[in-house]
Amino acid sequence: MFNRELAKRNKLLGIRKGKTHSAFTPVTIIMLVVLILYVASLFLLFLWALMTAFKDPLYDFRTNPWGFPKEFVWNFTYVFSQFAVPVSTAKRIGLVGMGEMYLYSFLYAGGSAFFNTLVPCITAYLCARFKYKFSRVMHTIVLVTMVIPVVGSLPAEIRMAQSLGLYDQIWGMWILKANFLGMYFLVFYNIFKVLPASYTEAAKIDGAGNMQVLLRIGLPLVRNTFFTVFLIYFIQYWNDYQTPLIYLPTYPTIANGMYSVSVTPTQEMSYVPMRIAAAILMLVPILVVFLIFQKRLLGNLTVGGIKG
C-alpha cells in the first residue's frame with residue numbers, strides 16, 4: 001500500500017524512475033577545473049616560498065632555485081634581527097626593527113578596524129531606528145558615494161590631517177578611518193531595520209533611555225556581524241602599505257617595511273630567501289587569525305532569528 005501511494009505521488013510530481021537531474025553541466029565542469037587549477041597554482045607558489053625560506057641564500061638558492069633545500073637553514077631569526085626600515089622625520093631619525101613594526105601594525109590595523117566598524121554600526125542604528133529626513137539623507141549619501149568614485153582627494157586629505165594634528169599619529173589614523181561610508185553601513189542598516197519596535201518600546205517602558213537601548217539591545221543583536229566585519233577590516237589594514245607610507249612616516253608597519261625592502265633592499269635583505277622569510281613572518285599573524293576565525297570569515301554576513 002505504501003509503495004503504491006509513493007508511486008502515485010511521484011507520478012503527480014512528474015518524477016520518473018531513472019531520470020534524475022545532474023548538477024554537473026559543461027559550464028560548471030569548466031568552472032570547477034579552472035578553480036582547481038587556480039587553487040593548485042596558489043598552493044604550489046606557497047610551497048615554493050616555504051621551501052625557499054629555508055634555503056641557504058648564498059649557495060643553495062643559486063644552484064637549486066626550484067628543488068627542496070639541501071640543508072634546512074633557519075633564516076627567520078636572522079631576518080627578524082636584521083629586518084629594519086630607515087626613518088628620517090622631525091620626530092625620529094634612525095632604524096625601526098621588525099618588533100616595532102609588528103607593534104605599529106597591530107595598533108594601526110586593530111584601531112582602524114575597530115573604529116571603521118563601530119562608526120557605521122552606530123550610524124546605521126540611528127538612521128534605521130529614528131525616522132527623520134536627515135536619516136534618509138545619510139542613507140542616500142552612502143549610496144551615492146558607493147556609485148560615484150571620489151578621486152584626486154589625497155592632497156586635500158593630507159593637508160587637512162596636518163592642519164588638525166592627525167598626520168603622523170596612529171590615533172589620528174583611527175579618527176580618519178572612523179567614517180560610515182561603505183557597504184557595511186548597509187549591512188548594519190538592514191539588520192537594525194527589521195528589529196521589532198516592541199523590543200525598544202518595552203525597554204523604554206522599563207525606564208531605559210536611547211543610549212541604554214543601543215548598548216543593551218542594538219549592539220548585542222549585531223555582535224556576530226560586528227566581529228566579522230572587524231576581522232575583515234583588520235586583515236585589510238594589516239596588508240595595507242600605502243596609507244602608512246603616506247600618513248605614518250614615523251611609524252612604519254610591517255607591510256610598509258616589506259614594500260621598502262622590495263624597492264630599496266639592504267645588503268642583508270637583498271637575497272631572495274631572506275625576503276621570502278620576511279614575507280612569511282608578515283603572514284603568520286593573518287594565518288593565525290584565519291585559522292581561528294575561518295568560519296566567520298568564510299560565512300555570510302547574516303544574522304539569525306531574534307531570541308528572547
# chains A, B, ... in the order shown; residues from 1 in each chain; ligands from 1
call {"tool": "residues_around", "arguments": {"residues": "stretch 181-188 of chain A", "least_positions_apart": "2", "cutoff": "7 Å", "atoms": "only C-alpha atoms", "output": "PyMOL selection string"}}
result
chain A and resi 120-121+124+142+146+179+190-192
call {"tool": "select_by_dssp", "arguments": {"residues": "stretch 77-219 of chain A", "states": "strand (DSSP E)", "output": "list of chain:residue names"}}
result
A:Ala84, A:Val85, A:Pro86, A:Val87, A:Ser88, A:Ile93, A:Gly94, A:Leu95, A:Val96, A:Gly97
call {"tool": "write_last_selection", "arguments": {"atoms": "N, CA, C and O atoms", "output": "mmCIF file, in the first residue's frame"}}
result
data_model
loop_
_atom_site.group_PDB
_atom_site.id
_atom_site.type_symbol
_atom_site.label_atom_id
_atom_site.label_comp_id
_atom_site.auth_asym_id
_atom_site.auth_seq_id
_atom_site.Cartn_x
_atom_site.Cartn_y
_atom_site.Cartn_z
ATOM 1 N N ALA A 84 64.992 45.921 8.995
ATOM 2 C CA ALA A 84 64.832 47.272 9.545
ATOM 3 C C ALA A 84 64.517 48.244 8.425
ATOM 4 O O ALA A 84 64.880 48.031 7.260
ATOM 5 N N VAL A 85 63.830 49.304 8.792
ATOM 6 C CA VAL A 85 63.432 50.344 7.836
ATOM 7 C C VAL A 85 63.982 51.674 8.332
ATOM 8 O O VAL A 85 63.773 52.036 9.503
ATOM 9 N N PRO A 86 64.688 52.430 7.489
ATOM 10 C CA PRO A 86 65.193 53.738 7.931
ATOM 11 C C PRO A 86 64.076 54.763 8.032
ATOM 12 O O PRO A 86 63.189 54.833 7.180
ATOM 13 N N VAL A 87 64.107 55.557 9.083
ATOM 14 C CA VAL A 87 63.115 56.610 9.318
ATOM 15 C C VAL A 87 63.856 57.920 9.497
ATOM 16 O O VAL A 87 64.815 58.002 10.275
ATOM 17 N N SER A 88 63.398 58.916 8.774
ATOM 18 C CA SER A 88 64.017 60.234 8.867
ATOM 19 C C SER A 88 62.910 61.284 8.835
ATOM 20 O O SER A 88 62.485 61.753 7.775
ATOM 21 N N ILE A 93 64.910 59.922 13.853
ATOM 22 C CA ILE A 93 65.881 59.580 12.818
ATOM 23 C C ILE A 93 66.586 58.302 13.260
ATOM 24 O O ILE A 93 67.190 58.262 14.335
ATOM 25 N N GLY A 94 66.504 57.270 12.444
ATOM 26 C CA GLY A 94 67.138 56.013 12.801
ATOM 27 C C GLY A 94 66.468 54.850 12.093
ATOM 28 O O GLY A 94 65.803 55.017 11.062
ATOM 29 N N LEU A 95 66.666 53.652 12.643
ATOM 30 C CA LEU A 95 66.123 52.426 12.073
ATOM 31 C C LEU A 95 65.009 51.887 12.960
ATOM 32 O O LEU A 95 65.098 51.940 14.182
ATOM 33 N N VAL A 96 63.978 51.352 12.330
ATOM 34 C CA VAL A 96 62.862 50.711 13.029
ATOM 35 C C VAL A 96 62.915 49.227 12.722
ATOM 36 O O VAL A 96 62.837 48.824 11.554
ATOM 37 N N GLY A 97 63.060 48.402 13.749
ATOM 38 C CA GLY A 97 63.169 46.962 13.569
ATOM 39 C C GLY A 97 61.822 46.296 13.395
ATOM 40 O O GLY A 97 60.757 46.902 13.496
#
call {"tool": "select_by_dssp", "arguments": {"residues": "stretch 65-264 of chain A", "states": "helix (DSSP H, G or I)", "output": "ChimeraX atom specification"}}
result
/A:76-82,98-129,133-147,154-163,170-177,183-193,197-205,210-221,223-238,242-247,254-263
call {"tool": "closest_residue", "arguments": {"among": "A:Val150, A:Met160, A:Ile122, A:Ile30", "to": "A:Val213", "atoms": "only C-alpha atoms"}}
result
A:Ile122
call {"tool": "closest_residue", "arguments": {"among": "A:Asn75, A:Gln162, A:Thr264, A:Ser41", "to": "A:Ala277", "atoms": "only C-alpha atoms"}}
result
A:Asn75
call {"tool": "residues_around", "arguments": {"residues": "A:Tyr104", "least_positions_apart": "4", "cutoff": "10 Å", "atoms": "only C-alpha atoms", "output": "count of residues only"}}
result
14
call {"tool": "residues_around", "arguments": {"residues": "stretch 57-68 of chain A", "least_positions_apart": "3", "cutoff": "10 Å", "atoms": "only C-alpha atoms", "output": "NGL selection string"}}
result
:A and (47-54 or 71-73 or 75 or 269-274)
call {"tool": "write_last_selection", "arguments": {"atoms": "C-alpha atoms", "output": "CSV table (one decimal), in the first residue's frame"}}
result
chain,number,residue,atom,x,y,z
A,47,LEU,CA,55.1,25.6,-1.2
A,48,TRP,CA,57.9,27.1,-3.3
A,49,ALA,CA,58.1,30.1,-1.0
A,50,LEU,CA,58.2,27.9,2.1
A,51,MET,CA,61.0,25.8,0.7
A,52,THR,CA,63.0,28.9,-0.4
A,53,ALA,CA,62.7,30.5,3.0
A,54,PHE,CA,64.7,27.5,4.5
A,71,GLU,CA,70.1,21.6,4.1
A,72,PHE,CA,67.4,23.4,6.1
A,73,VAL,CA,68.6,26.8,7.3
A,75,ASN,CA,66.7,32.2,8.3
A,269,MET,CA,67.8,41.6,2.8
A,270,SER,CA,68.9,41.6,-0.9
A,271,TYR,CA,68.8,37.8,-1.1
A,272,VAL,CA,65.5,36.1,-2.2
A,273,PRO,CA,65.3,33.6,0.7
A,274,MET,CA,65.7,36.4,3.2
call {"tool": "atom_distance", "arguments": {"atom1": "atom CA of A:Ala113", "atom2": "atom CA of A:Ile175"}}
result
11.0 Å
call {"tool": "residues_around", "arguments": {"residues": "A:Leu118", "least_positions_apart": "5", "cutoff": "9 Å", "atoms": "only C-alpha atoms", "output": "ChimeraX atom specification"}}
result
/A:113,123,178,180,226,230
call {"tool": "closest_residue", "arguments": {"among": "A:Leu297, A:Val137, A:Tyr125, A:Leu231", "to": "A:Gly218", "atoms": "only C-alpha atoms"}}
result
A:Tyr125
